[in-house]
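Asks: The structure under discussion is supplied below as structure tokens; questions concerning it will follow.
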Amino acid sequence: MPVLKWIRYGAWAGVVLVSFVGAAILLGWWQVDGPGRSPAGRAAVQGVPAIGGPFTLVDQTGRTVTDADYRGKPLAVFFGFTHCPEVCPTTLVQMANLTGKIGAAADPLQILLITVDPERDTPEQLALYLQSFDPRVVGLTGSRQQVDAALAAYKAYAKKIPTENGYTMDHSASVYLMKADGGFRTMIDYHEDEASALEKVRMVLR
Amino acid sequence: MKRFAIGTAGVALSLAAYAPNPVRAHDYAVGPLKIGHPWARASPPSAKVGGGYLAIENTGPEPDRLVGGSTEGAARVEIHESSLADGIMRMRERTDGVAVPPGQTLEFKPGGLHLMLVDLKAPLKQGDKVKATLVFERAGTVAIELQVQGVGAPQPAATGHTRH
């Protein structure tokens with residue numbers, strides 16, 4: 001009976017199709033959500049970009065430090081340079097205002113200014129510059145390679161722009177808020193209003 | 001450089017001919033231009049640059065252009081503009097100066113247009129008054145005084161002046 005034969009073939013084809021789809025779904029789950037997922041995929045699934053990471057830099061006292069030295073403390077990290085009359089003092093003062101408003105609860109927060117201009121920003125230069133700001137701010141510099149590695153870890157941008165009498169730096173103006181375990185939490189934009197910035201700092205302190 | 005070649009001469013001029021004719025407590029005028037509350041931010045000890053801010057109102061019928069300036073407090077005065085795009089702050093020198101159209105007020109303020117005091121002779125200290133000159137294409141030169149506010153001050157402290 002050819003009709004029954006075709007029905008049998010059709011049924012088997014259906015079984016194959018269902019098995020294939022099932023296997024594909026299982027494989028997909030394994031790689032995206034299951035045990036087989038990559039660290040990058042894990043971050044993407046949780047909606048947390050892979051920002052931050054290892055760095056080795058020199059603080060304003062001349063001591064070599066790494067990201068591991070700040071593990072256990074939430075961080076507010078931003079990039080700047082001392083030949084910067086605009087963004088950098090503004091950001092430093094804003095961070096001091098925020099921590100001041102939060103009070104003692106903000107004490108664990110470590111503020112890190114990483115220079116994008118290590119050629120001019122020696123540890124001594126940073127130390128002098130930071131005298132005008134919250135004493136808890138640590139300034140970090142290093143070799144060009146060390147600074148570039150830190151920029152890359154934070155997916156931040158900096159570019160030297162020649163001027164008539166020297167150069168200036170274009171650079172990322174946001175503040176990165178990092179959790180005590182070193183993971184990325186959120187960012188504060190340069191023009192963000194104070195209420196929202198305050199809430200973000202409180203969030204990373206929790 | 002020619003715009004700033006008047007640098008040294010300008011300082012001498014500002015010192016010799018320093019006779020501001022304040023319209024109000026801390027405003028200046030040259031021709032149809034009114035200069036409102038010039039101020040600067042205090043600079044950290046090691047900073048080589050400082051930002052100066054003011055408002056320029058053109059009450060006349062003709063366009064004018066701020067082309068340069070000088071100050072006793074720094075080697076040079078440049079006109080710069082900061083702009084934020086995609087989270088990146090950029091700063092560019094306005095080498096051609098900046099236009100002051102008739103009937104308009106040009107605001108120099110943090111995060112935008114500013115006078116860049118380059119190679120400060122000494123840190124700018126809060127409470128200081130720094131003499132400077134501005135040079136306009138049409139209206140000529142005017143002596144002003146920058147009042148130094150706190151480091152990172154977002155705007156001039158309220159001094160009772162009315163600008164608008």
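Within each chain, counting starts at residue 1; across the structure tokens, chains are named A, B, ... in the order shown, with ligands numbered 1 upward in that order.
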Residues of stretch 17-140 of chain A classed as strand (DSSP E) by DSSP on the backbone are to be reported as a compact mmCIF listing (two decimals) with N, CA, C and O atoms, in the first residue's frame.
Replies:
# COMPACT_ATOMS: atom_id res chain seq x y z
N THR A 56 48.48 47.70 35.92
CA THR A 56 49.64 47.96 36.76
C THR A 56 50.05 49.39 36.50
O THR A 56 50.35 49.76 35.36
N LEU A 57 50.00 50.22 37.54
CA LEU A 57 50.29 51.65 37.38
C LEU A 57 51.11 52.13 38.58
O LEU A 57 51.42 51.34 39.48
N VAL A 58 51.42 53.40 38.59
CA VAL A 58 52.23 53.99 39.66
C VAL A 58 51.42 55.10 40.30
O VAL A 58 50.90 55.96 39.59
N ASP A 59 51.29 55.08 41.64
CA ASP A 59 50.48 56.13 42.27
C ASP A 59 51.30 57.39 42.51
O ASP A 59 52.49 57.44 42.20
N THR A 64 54.26 51.32 42.93
CA THR A 64 53.58 50.55 41.88
C THR A 64 52.37 49.85 42.48
O THR A 64 52.47 49.23 43.54
N VAL A 65 51.23 50.00 41.81
CA VAL A 65 50.00 49.37 42.31
C VAL A 65 49.34 48.60 41.17
O VAL A 65 49.57 48.89 40.00
N THR A 66 48.52 47.62 41.54
CA THR A 66 47.72 46.90 40.55
C THR A 66 46.27 46.95 40.97
O THR A 66 45.94 47.38 42.09
N LEU A 75 35.17 51.14 43.64
CA LEU A 75 36.02 52.17 43.02
C LEU A 75 35.20 53.13 42.18
O LEU A 75 34.20 52.75 41.57
N ALA A 76 35.65 54.39 42.16
CA ALA A 76 35.19 55.35 41.16
C ALA A 76 36.41 55.70 40.33
O ALA A 76 37.34 56.33 40.83
N VAL A 77 36.44 55.21 39.09
CA VAL A 77 37.63 55.35 38.25
C VAL A 77 37.32 56.34 37.13
O VAL A 77 36.28 56.22 36.48
N PHE A 78 38.20 57.30 36.91
CA PHE A 78 38.04 58.11 35.71
C PHE A 78 39.39 58.52 35.15
O PHE A 78 40.41 58.44 35.81
N PHE A 79 39.34 58.92 33.89
CA PHE A 79 40.57 59.26 33.17
C PHE A 79 40.65 60.77 32.98
O PHE A 79 39.63 61.43 32.74
N GLY A 80 41.85 61.31 33.10
CA GLY A 80 42.01 62.75 32.95
C GLY A 80 43.48 63.09 32.79
O GLY A 80 44.31 62.22 32.53
N GLN A 110 36.90 54.21 46.87
CA GLN A 110 38.23 54.68 46.47
C GLN A 110 38.11 55.38 45.12
O GLN A 110 37.63 54.79 44.16
N ILE A 111 38.51 56.65 45.08
CA ILE A 111 38.46 57.40 43.83
C ILE A 111 39.83 57.34 43.16
O ILE A 111 40.84 57.66 43.79
N LEU A 112 39.86 56.89 41.92
CA LEU A 112 41.12 56.77 41.18
C LEU A 112 41.07 57.67 39.94
O LEU A 112 40.18 57.55 39.11
N LEU A 113 42.04 58.56 39.84
CA LEU A 113 42.22 59.36 38.63
C LEU A 113 43.40 58.75 37.86
O LEU A 113 44.52 58.74 38.35
N ILE A 114 43.11 58.19 36.70
CA ILE A 114 44.19 57.62 35.88
C ILE A 114 44.53 58.64 34.80
O ILE A 114 43.66 59.05 34.02
N THR A 115 45.77 59.07 34.76
CA THR A 115 46.14 60.08 33.76
C THR A 115 46.19 59.44 32.37
O THR A 115 46.56 58.28 32.21
N VAL A 138 43.31 58.99 44.69
CA VAL A 138 44.63 58.48 44.30
C VAL A 138 44.82 58.76 42.82
O VAL A 138 43.93 58.50 42.00
N GLY A 139 45.96 59.34 42.47
CA GLY A 139 46.30 59.60 41.08
C GLY A 139 47.23 58.52 40.57
O GLY A 139 48.15 58.13 41.27
N LEU A 140 46.95 58.00 39.39
CA LEU A 140 47.75 56.91 38.86
C LEU A 140 48.35 57.30 37.51
O LEU A 140 47.67 57.87 36.66
Asks: Neighbours of A:Phe81 within 6 Å (only C-alpha atoms; same-chain residues fewer than 2 positions away dropped), as a PyMOL selection string?
Replies: chain A and resi 83-84+115-117
Asks: Just N, CA, C and O atoms for this one: save the residues we selected as a CSV table (one decimal), in the first residue's frame.
Replies:
chain,number,residue,atom,x,y,z
A,83,HIS,N,46.9,68.9,32.7
A,83,HIS,CA,46.8,70.1,31.9
A,83,HIS,C,45.4,70.2,31.3
A,83,HIS,O,45.2,70.5,30.1
A,84,CYS,N,44.5,70.1,32.2
A,84,CYS,CA,43.1,70.0,31.8
A,84,CYS,C,42.3,71.0,32.7
A,84,CYS,O,42.1,70.7,33.8
A,115,THR,N,45.8,59.1,34.8
A,115,THR,CA,46.1,60.1,33.8
A,115,THR,C,46.2,59.4,32.4
A,115,THR,O,46.6,58.3,32.2
A,116,VAL,N,45.8,60.2,31.4
A,116,VAL,CA,45.9,59.8,30.0
A,116,VAL,C,47.2,60.4,29.4
A,116,VAL,O,47.4,60.3,28.2
A,117,ASP,N,47.9,61.2,30.2
A,117,ASP,CA,49.0,62.0,29.7
A,117,ASP,C,50.3,61.7,30.6
A,117,ASP,O,50.8,62.6,31.3
Asks: Set the distance at 10 Å and use only C-alpha atoms: which residues neighbour stretch 78-88 of chain B once local chain neighbours fewer than 3 positions away are removed? I'd like the list as an MDAnalysis selection string.
Replies: (chainID A and resid 86:87 156:158 170:175 188:191) or (chainID B and resid 3:4 51:52 66:70 91:98 108:118)
Asks: Could you check the closest approach to chain B for each of A:Leu128, A:Val201, A:Ile7, A:Ala50 and tell me which residue wins, using only C-alpha atoms?
Replies: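 So, comparing all the options, the nearest one is A:Leu128.
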Asks: Within 7 Å of stretch 129-139 of chain B, counting only C-alpha atoms, which residues qualify if same-chain residues fewer than 4 places away don't, as number ranges by chain?
Replies: B: 10, 14, 30-31, 64-73, 143-148
Asks: Kindly save the residues from that selection, with C-alpha atoms included, as an mmCIF file, in the first residue's frame.
Replies:
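Output saved as again29.cif:
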data_model
loop_
_atom_site.group_PDB
_atom_site.id
_atom_site.type_symbol
_atom_site.label_atom_id
_atom_site.label_comp_id
_atom_site.auth_asym_id
_atom_site.auth_seq_id
_atom_site.Cartn_x
_atom_site.Cartn_y
_atom_site.Cartn_z
ATOM 1 C CA GLY B 10 49.244 93.660 26.025
ATOM 2 C CA SER B 14 46.903 96.394 30.763
ATOM 3 C CA VAL B 30 34.290 98.599 25.052
ATOM 4 C CA GLY B 31 32.372 100.224 22.221
ATOM 5 C CA ASP B 64 32.460 91.716 16.106
ATOM 6 C CA ARG B 65 34.953 89.012 16.860
ATOM 7 C CA LEU B 66 37.066 88.167 19.901
ATOM 8 C CA VAL B 67 40.454 87.402 18.404
ATOM 9 C CA GLY B 68 42.760 87.101 21.397
ATOM 10 C CA GLY B 69 43.946 88.464 24.663
ATOM 11 C CA SER B 70 46.658 88.446 27.237
ATOM 12 C CA THR B 71 47.042 88.338 30.985
ATOM 13 C CA GLU B 72 49.620 89.180 33.573
ATOM 14 C CA GLY B 73 48.988 85.764 35.101
ATOM 15 C CA ALA B 143 41.229 95.704 30.127
ATOM 16 C CA ILE B 144 39.369 93.365 32.456
ATOM 17 C CA GLU B 145 39.945 91.614 35.745
ATOM 18 C CA LEU B 146 39.243 87.921 36.269
ATOM 19 C CA GLN B 147 37.936 87.098 39.737
ATOM 20 C CA VAL B 148 39.313 83.755 40.842
#
Asks: Suppose you want the space between atom CA of B:Val151 and atom CA of B:Gly50; what is it in Å?
Replies: 9.8 Å
Asks: Write out as a ChimeraX atom specification the set of residues from stretch 44-137 of chain A that DSSP, computed on the backbone, places in helix (DSSP H, G or I).
Replies: /A:44-46,67-70,87-106,123-130
Asks: If you count only C-alpha atoms, which residues fall within 8 Å of stretch 130-133 of chain A, apart from same-chain ones fewer than 6 positions away, as a short mmCIF file (atom, residue, chain, number, x, y, z; two decimals) with N, CA and C atoms, in the first residue's frame?
Replies:
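Once written, part.cif looks like this:
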data_model
loop_
_atom_site.label_atom_id
_atom_site.label_comp_id
_atom_site.auth_asym_id
_atom_site.auth_seq_id
_atom_site.Cartn_x
_atom_site.Cartn_y
_atom_site.Cartn_z
N LEU A 92 36.53 65.94 39.67
CA LEU A 92 37.09 65.72 41.01
C LEU A 92 36.23 66.42 42.07
N VAL A 93 35.80 67.63 41.77
CA VAL A 93 34.98 68.37 42.73
C VAL A 93 33.59 67.72 42.86
N ALA A 96 33.80 64.71 45.05
CA ALA A 96 33.91 65.11 46.45
C ALA A 96 32.55 65.55 46.98
N GLY A 139 45.96 59.34 42.47
CA GLY A 139 46.30 59.60 41.08
C GLY A 139 47.23 58.52 40.57
N PRO B 44 45.06 74.06 40.59
CA PRO B 44 45.85 73.25 41.51
C PRO B 44 47.33 73.65 41.40
N PRO B 45 48.13 73.38 42.45
CA PRO B 45 49.50 73.89 42.50
C PRO B 45 50.34 73.58 41.26
N VAL B 151 38.45 76.00 42.99
CA VAL B 151 38.83 74.96 42.05
C VAL B 151 37.58 74.20 41.62
#
Asks: What does the distance from atom CA of A:Asp69 to atom CA of A:Gly52 come to in Å, to one decimal?
Replies: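 Taking atom CA of A:Asp69 and atom CA of A:Gly52, their separation equals 14.1 Å.
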